[in-house]
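Okay, protein.txt is below, compact mmCIF, C-alpha atoms and all ligand atoms:
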# COMPACT_ATOMS: atom_id res chain seq x y z
CA MET O 1 -6.43 0.17 -17.01
CA TYR O 2 -4.14 3.11 -17.81
CA MET O 3 -0.48 2.25 -17.28
CA THR O 4 2.77 3.89 -18.28
CA ASP O 5 5.52 1.66 -19.69
CA ARG O 6 7.43 1.95 -16.44
CA ALA O 7 4.39 1.04 -14.39
CA ARG O 8 3.79 -1.87 -16.73
CA ASN O 9 7.31 -3.15 -16.06
CA TYR O 10 6.76 -2.97 -12.33
CA TYR O 11 3.40 -4.61 -12.80
CA THR O 12 4.92 -7.51 -14.72
CA ARG O 13 7.62 -7.95 -12.10
CA ASP O 14 5.08 -7.95 -9.30
CA LEU O 15 2.82 -10.37 -11.04
CA GLU O 16 5.74 -12.73 -11.29
CA LYS O 17 6.24 -12.46 -7.57
CA VAL O 18 2.66 -13.34 -6.70
CA GLN O 19 2.58 -16.28 -4.34
CA GLY O 20 1.03 -19.50 -5.49
CA ILE O 21 1.84 -18.98 -9.15
CA SER O 22 3.71 -22.03 -10.27
CA THR O 23 6.87 -21.50 -12.23
CA ASP O 24 5.58 -24.15 -14.64
CA LEU O 25 3.06 -21.58 -15.69
CA PHE O 26 5.85 -19.42 -17.03
CA GLN O 27 7.63 -22.32 -18.68
CA LYS O 28 4.51 -23.07 -20.69
CA VAL O 29 4.74 -19.62 -22.26
CA GLY O 30 8.49 -19.37 -22.02
CA GLU O 31 9.17 -17.39 -25.20
CA VAL O 32 10.70 -13.93 -24.92
CA GLY O 33 9.68 -10.57 -26.41
CA PRO O 34 6.73 -8.22 -25.90
CA ALA O 35 4.15 -10.58 -27.37
CA ALA O 36 5.27 -13.38 -25.08
CA ARG O 37 5.21 -11.02 -22.12
CA GLU O 38 1.62 -10.01 -22.90
CA LYS O 39 0.69 -13.66 -23.22
CA ARG O 40 2.37 -14.41 -19.92
CA LEU O 41 0.56 -11.50 -18.26
CA GLU O 42 -2.76 -12.81 -19.49
CA THR O 43 -1.98 -16.26 -18.11
CA VAL O 44 -1.03 -14.90 -14.73
CA ARG O 45 -4.05 -12.60 -14.57
CA ALA O 46 -6.28 -15.59 -15.19
CA ALA O 47 -4.52 -17.58 -12.46
CA VAL O 48 -4.59 -14.91 -9.74
CA LYS O 49 -7.68 -15.09 -7.56
CA PRO O 50 -9.67 -11.92 -8.07
CA SER O 51 -10.42 -9.67 -5.12
CA GLN O 52 -13.01 -11.14 -2.82
CA HIS O 53 -14.82 -7.89 -2.26
CA GLY O 54 -14.67 -5.96 -5.46
CA GLU O 55 -12.34 -4.84 -8.12
CA ILE O 56 -9.39 -3.81 -5.95
CA SER O 57 -6.83 -6.56 -5.64
CA ALA O 58 -5.13 -7.32 -2.33
CA VAL O 59 -2.28 -8.98 -4.20
CA ILE O 60 -1.48 -7.22 -7.45
CA PRO O 61 -0.48 -3.57 -7.09
CA ASP O 62 -2.32 -1.13 -9.33
CA TRP O 63 0.48 1.32 -10.03
CA SER O 64 -1.82 3.74 -11.83
CA ARG O 65 -3.20 4.74 -8.38
CA GLU O 66 0.19 6.29 -7.64
CA ALA O 67 0.69 8.15 -10.92
CA PRO O 68 0.58 11.93 -10.24
CA THR O 69 -2.32 13.57 -12.06
CA ARG O 70 -0.62 16.97 -12.05
CA TRP O 71 2.59 18.46 -10.68
CA TRP O 72 0.96 19.72 -7.46
CA ASP O 73 -0.07 16.34 -6.13
CA PRO O 74 1.87 16.03 -2.83
CA GLY O 75 0.76 12.51 -1.84
CA ARG O 76 1.65 10.93 -5.16
CA GLN O 77 4.79 13.04 -5.64
CA LEU O 78 6.02 11.92 -2.22
CA LEU O 79 5.42 8.28 -3.14
CA ARG O 80 7.12 8.78 -6.49
CA CYS O 81 10.32 10.00 -4.75
CA ILE O 82 10.26 6.92 -2.54
CA ARG O 83 9.77 4.60 -5.52
CA ASN O 84 12.54 6.31 -7.52
CA TYR O 85 14.93 6.32 -4.57
CA GLN O 86 14.38 2.60 -4.00
CA HIS O 87 14.78 1.98 -7.74
CA TRP O 88 18.16 3.77 -7.87
CA GLY O 89 19.13 2.51 -4.43
CA SER O 90 18.91 -1.09 -5.57
CA ARG O 91 21.69 -0.46 -8.12
CA ARG O 92 25.34 -0.54 -7.21
CA GLY O 93 27.92 1.98 -8.42
CA TRP O 94 28.85 5.61 -7.88
CA LEU O 95 26.94 6.71 -10.98
CA TYR O 96 23.67 6.12 -9.16
CA ILE O 97 24.59 8.37 -6.26
CA VAL O 98 23.44 11.51 -8.10
CA PRO O 99 19.89 10.35 -8.94
CA ARG O 100 19.62 8.95 -5.42
CA LYS O 101 20.61 12.25 -3.82
CA TYR O 102 18.20 14.09 -6.12
CA GLN O 103 15.37 11.88 -4.91
CA VAL O 104 16.40 12.54 -1.29
CA LEU O 105 16.07 16.29 -1.92
CA LYS O 106 12.69 15.87 -3.60
CA HIS O 107 11.56 13.61 -0.77
CA ARG O 108 12.46 16.31 1.78
CA PHE O 109 10.56 18.92 -0.20
CA TRP O 110 7.39 16.86 -0.52
CA SER O 111 7.64 15.70 3.11
CA VAL O 112 7.69 19.33 4.25
CA VAL O 113 4.80 20.21 1.94
CA SER O 114 2.66 17.28 3.05
CA GLY O 115 3.79 17.04 6.67
CA ALA O 116 3.96 13.28 6.22
CA ASP O 117 6.76 11.14 7.62
CA ILE O 118 7.16 8.22 5.25
CA PRO O 119 10.79 7.10 5.18
CA LEU O 120 12.64 6.54 1.92
CA ASN O 121 13.23 2.92 2.86
CA ALA O 122 9.59 2.21 3.80
CA HIS O 123 8.27 -1.25 2.91
CA VAL O 124 5.19 -0.12 1.00
CA ASP O 125 3.76 -2.19 -1.84
CA GLY O 126 2.42 -0.48 -4.94
CA GLY O 127 -0.91 1.24 -5.33
CA LEU O 128 -0.92 3.14 -2.02
CA GLN O 129 -3.23 6.14 -2.09
CA LEU O 130 -2.65 9.16 0.14
CA LEU O 131 -5.48 11.49 -0.82
CA HIS O 132 -4.70 13.93 2.00
CA PRO O 133 -1.15 13.05 3.04
CA ASN O 134 -0.79 15.51 5.89
CA GLY O 135 0.38 14.01 9.14
CA ILE O 136 0.72 10.43 7.92
CA VAL O 137 3.49 8.59 9.80
CA ILE O 138 4.73 5.14 8.77
CA HIS O 139 7.39 3.26 10.72
CA PRO O 140 10.33 2.23 8.51
CA GLU O 141 9.96 -1.43 9.49
CA ALA O 142 6.19 -1.69 9.01
CA ARG O 143 4.91 -3.66 6.01
CA ILE O 144 2.11 -2.21 3.90
CA GLY O 145 0.41 -4.42 1.31
CA PRO O 146 -0.74 -3.41 -2.18
CA ASN O 147 -3.54 -0.97 -3.02
CA CYS O 148 -4.12 0.43 0.48
CA ILE O 149 -5.63 3.83 1.15
CA PHE O 150 -4.59 5.96 4.13
CA PHE O 151 -6.36 9.16 5.08
CA GLN O 152 -4.84 12.09 6.93
CA GLN O 153 -3.13 11.72 10.32
CA VAL O 154 -2.80 7.95 10.09
CA THR O 155 0.01 6.48 12.20
CA ILE O 156 1.48 3.02 11.65
CA GLY O 157 4.01 2.41 14.39
CA THR O 158 5.20 0.73 17.56
CA ARG O 159 3.73 0.66 21.04
CA GLU O 160 5.68 2.16 23.90
CA ASN O 161 6.89 -1.09 25.40
CA SER O 162 7.79 -3.02 22.25
CA LEU O 163 9.63 -2.55 18.97
CA ARG O 164 7.23 -4.72 17.00
CA VAL O 165 5.45 -3.07 14.07
CA PRO O 166 2.19 -3.75 12.20
CA TRP O 167 1.81 -5.80 9.08
CA ILE O 168 -0.93 -4.36 6.89
CA GLY O 169 -2.50 -6.54 4.20
CA GLY O 170 -3.69 -5.57 0.73
CA ASP O 171 -6.60 -3.23 -0.09
CA VAL O 172 -6.83 -1.96 3.50
CA SER O 173 -8.52 1.39 4.12
CA ILE O 174 -7.39 3.29 7.20
CA GLY O 175 -9.62 6.21 8.19
CA ALA O 176 -8.57 9.68 9.20
CA GLY O 177 -6.67 9.92 12.47
CA ALA O 178 -6.46 6.16 13.01
CA LYS O 179 -3.45 4.64 14.79
CA VAL O 180 -2.33 1.08 14.12
CA LEU O 181 0.21 0.12 16.75
CA GLY O 182 2.38 -2.84 17.70
CA GLY O 183 3.10 -6.23 16.16
CA ILE O 184 -0.39 -6.82 14.82
CA ARG O 185 -1.72 -8.02 11.49
CA VAL O 186 -4.44 -6.20 9.59
CA GLY O 187 -6.00 -8.59 7.07
CA ASP O 188 -6.69 -8.01 3.40
CA HIS O 189 -9.67 -5.80 2.52
CA ALA O 190 -10.05 -4.64 6.15
CA ARG O 191 -11.44 -1.19 7.01
CA ILE O 192 -10.23 0.81 9.99
CA GLY O 193 -12.58 3.55 11.21
CA ALA O 194 -11.65 7.18 11.63
CA ASN O 195 -9.77 7.84 14.88
CA ALA O 196 -9.58 4.16 15.81
CA VAL O 197 -6.63 2.95 17.88
CA VAL O 198 -5.97 -0.58 16.68
CA LEU O 199 -4.02 -2.75 19.11
CA CYS O 200 -5.22 -6.23 18.09
CA ASP O 201 -5.25 -8.29 14.90
CA VAL O 202 -7.95 -7.41 12.39
CA PRO O 203 -9.21 -10.37 10.30
CA ASP O 204 -9.50 -10.24 6.52
CA GLY O 205 -12.41 -8.07 5.43
CA ALA O 206 -13.31 -6.95 8.96
CA VAL O 207 -14.18 -3.44 10.12
CA ALA O 208 -12.46 -2.10 13.25
CA VAL O 209 -13.63 1.04 15.07
CA GLY O 210 -13.14 2.79 18.40
CA ILE O 211 -10.51 3.18 21.11
CA PRO O 212 -9.22 0.57 21.60
CA ALA O 213 -10.58 -0.78 18.36
CA ARG O 214 -13.25 -3.48 18.37
CA ILE O 215 -14.04 -5.66 15.38
CA LEU O 216 -17.50 -4.89 14.01
CA GLN O 217 -18.23 -7.67 11.58
CA PRO O 218 -16.64 -9.55 8.70
CA ARG O 219 -17.65 -8.00 5.39
CA GLU O 220 -19.88 -9.90 3.02
CA SER O 221 -18.10 -12.19 0.61
C1 LIG V 1 -15.36 2.44 9.94
C2 LIG V 1 -16.18 2.76 8.72
C3 LIG V 1 -15.43 2.31 7.45
C4 LIG V 1 -17.46 1.96 8.90
O1 LIG V 1 -18.33 2.20 7.87
P1 LIG V 1 -19.67 1.28 7.74
O2 LIG V 1 -19.28 -0.13 7.42
O3 LIG V 1 -20.55 1.99 6.77
O4 LIG V 1 -20.25 1.24 9.19
P2 LIG V 1 -21.53 2.03 9.80
O5 LIG V 1 -21.46 3.47 9.45
O6 LIG V 1 -22.76 1.26 9.43
O7 LIG V 1 -21.28 1.88 11.37
C5 LIG V 1 -21.32 0.63 12.03
C6 LIG V 1 -21.09 0.88 13.50
O8 LIG V 1 -19.77 1.39 13.72
C7 LIG V 1 -19.82 2.65 14.36
N1 LIG V 1 -18.77 3.46 13.76
C8 LIG V 1 -18.59 3.75 12.45
N2 LIG V 1 -17.47 4.45 12.28
C9 LIG V 1 -16.95 4.65 13.50
C10 LIG V 1 -15.79 5.32 13.98
N3 LIG V 1 -14.95 5.92 13.14
N4 LIG V 1 -15.53 5.30 15.30
C11 LIG V 1 -16.36 4.67 16.16
N5 LIG V 1 -17.49 4.01 15.77
C12 LIG V 1 -17.76 4.01 14.47
C13 LIG V 1 -21.21 3.19 14.06
O9 LIG V 1 -21.63 4.10 15.02
C14 LIG V 1 -22.01 1.93 14.08
O10 LIG V 1 -22.22 1.56 15.41
P3 LIG V 1 -23.61 0.86 15.89
O11 LIG V 1 -23.70 -0.41 15.09
O12 LIG V 1 -23.41 0.63 17.35
O13 LIG V 1 -24.67 1.83 15.55
C15 LIG V 1 -16.48 4.27 8.57
O14 LIG V 1 -17.41 4.68 9.55
C16 LIG V 1 -15.23 5.15 8.72
O15 LIG V 1 -14.85 5.56 9.82
N6 LIG V 1 -14.57 5.46 7.59
C17 LIG V 1 -13.42 6.33 7.56
C18 LIG V 1 -13.70 7.46 6.62
C19 LIG V 1 -12.66 8.55 6.67
O16 LIG V 1 -11.73 8.54 7.44
N7 LIG V 1 -12.82 9.51 5.79
C20 LIG V 1 -11.91 10.60 5.69
C21 LIG V 1 -12.30 11.42 4.52
S1 LIG V 1 -11.28 12.83 4.36

Just give me the structure as structure tokens.
Amino acid sequence: MYMTDRARNYYTRDLEKVQGISTDLFQKVGEVGPAAREKRLETVRAAVKPSQHGEISAVIPDWSREAPTRWWDPGRQLLRCIRNYQHWGSRRGWLYIVPRKYQVLKHRFWSVVSGADIPLNAHVDGGLQLLHPNGIVIHPEARIGPNCIFFQQVTIGTRENSLRVPWIGGDVSIGAGAKVLGGIRVGDHARIGANAVVLCDVPDGAVAVGIPARILQPRES
């Protein structure tokens, strides 16, 4: 898998965060340095359960999905601003104000270009793909798992009478024009049909279509 050094650092950090990985595992290969890190990565990769439905993981973000392929790549450029802003925002000190402000400006530019409303403080795990980012709206409190794919005009937000927001699992595909609303959970590897309005929980691997969305069937394991 192609990965820049920076992506590799994120990748390592995220691997270490993966639930269910015992800290003993790290102590067994506790040496430091690049070789030890590679060894540790290998150990963790072997321990993480592979995706149930294919090669895309619902747990480990694939940061290469977010790497811009060229300058004019609005979806990925928008995500890059958000990642950089959160990177600089996590550091304290006045020195970091300048790079943060620069990312805010870039974020405004790419938001205007794409017409997407994804806040700088969005809780989006790595590997999100926005192939056609126009009109995508994500609530700042919503949680998006790793390696999801959102098509154009997707809305992740609240319902009128409640402030609760959706929790989207890993490797979830949300079709064009779909709305996912309220305090619901969309399971890992789920697929949401184009123009669906999802108001209820979607189990892992299920397909939801229609208005309001109905669950079609669990996908094959
Ligand atoms: C939901 C989706 C993933 C289902 O794909 P699938 O597993 O191949 O399902 P099928 O095409 O076999 O359809 C199964 C049933 O769901 C219905 N269905 C499929 N997509 C639907 C949709 N978006 N809205 C309403 N019903 C839908 C089909 O009519 C079929 O119903 P039936 O069993 O009564 O005949 C797919 O149809 C979809 O909407 N993908 C989004 C693609 C997209 O947004 N692309 C944008 C590209 S720019």

message = From (13.2, 5.1, -4.8), in the file's coordinates, out to 12 Å: which residues are reached, counting all atoms listed in the file? Answer as an MDAnalysis selection string.
response = chainID O and resid 77:91 96:97 99:107 119:124

task = Throw together the list of residues within 12 Å of ligand LIG 1 (chain V), counting only C-alpha atoms and all ligand atoms, and drop it here as a ChimeraX atom specification.
result = /O:130-134,149-154,172-179,189-198,205-220

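Closest approach to O:Ile60 among O:Thr158, O:Gly187, O:Leu181, O:Gly126 is made by O:Gly126 (distances from all atoms listed in the file).
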
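One distance worth recording is that between atom CA of O:Gly182 and atom CA of O:Ser162, which is 7.1 Å.
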
ask   = Just how far from atom CA of O:Arg164 is atom CA of O:Asp117, in Å to one decimal?
value = 18.4 Å

task = May I ask which of the residues O:Glu55, O:Pro74, O:Leu199, O:Val180 is the closest one to O:Gly115, counting only C-alpha atoms?
result = O:Pro74

note = atom CA of O:Glu141 sits from atom CA of O:Asp201 at a separation of 17.5 Å

So which residues touch O:Cys148 within 7 Å, counting only C-alpha atoms, skipping near sequence neighbours fewer than 3 positions away, as a PDB file with C-alpha atoms, in the coordinates of the input?
ATOM      1  CA  GLY O 127      -0.910   1.240  -5.330  1.00  0.00           C
ATOM      2  CA  LEU O 128      -0.920   3.140  -2.020  1.00  0.00           C
ATOM      3  CA  GLN O 129      -3.230   6.140  -2.090  1.00  0.00           C
ATOM      4  CA  GLY O 145       0.410  -4.420   1.310  1.00  0.00           C
ATOM      5  CA  GLY O 170      -3.690  -5.570   0.730  1.00  0.00           C
ATOM      6  CA  ASP O 171      -6.600  -3.230  -0.090  1.00  0.00           C
ATOM      7  CA  VAL O 172      -6.830  -1.960   3.500  1.00  0.00           C
ATOM      8  CA  SER O 173      -8.520   1.390   4.120  1.00  0.00           C
TER       9      SER O 173
END

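Ranking O:Arg92, O:Asp125, O:Phe109, O:Asn147 by their shortest atom-to-atom distance to O:Ile56, with all atoms listed in the file included, puts O:Asn147 first.
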
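Minimum distance to O:Trp71 across O:Ile118, O:Trp110, O:Ile184, O:Asn161 (counting only C-alpha atoms) occurs at O:Trp110.
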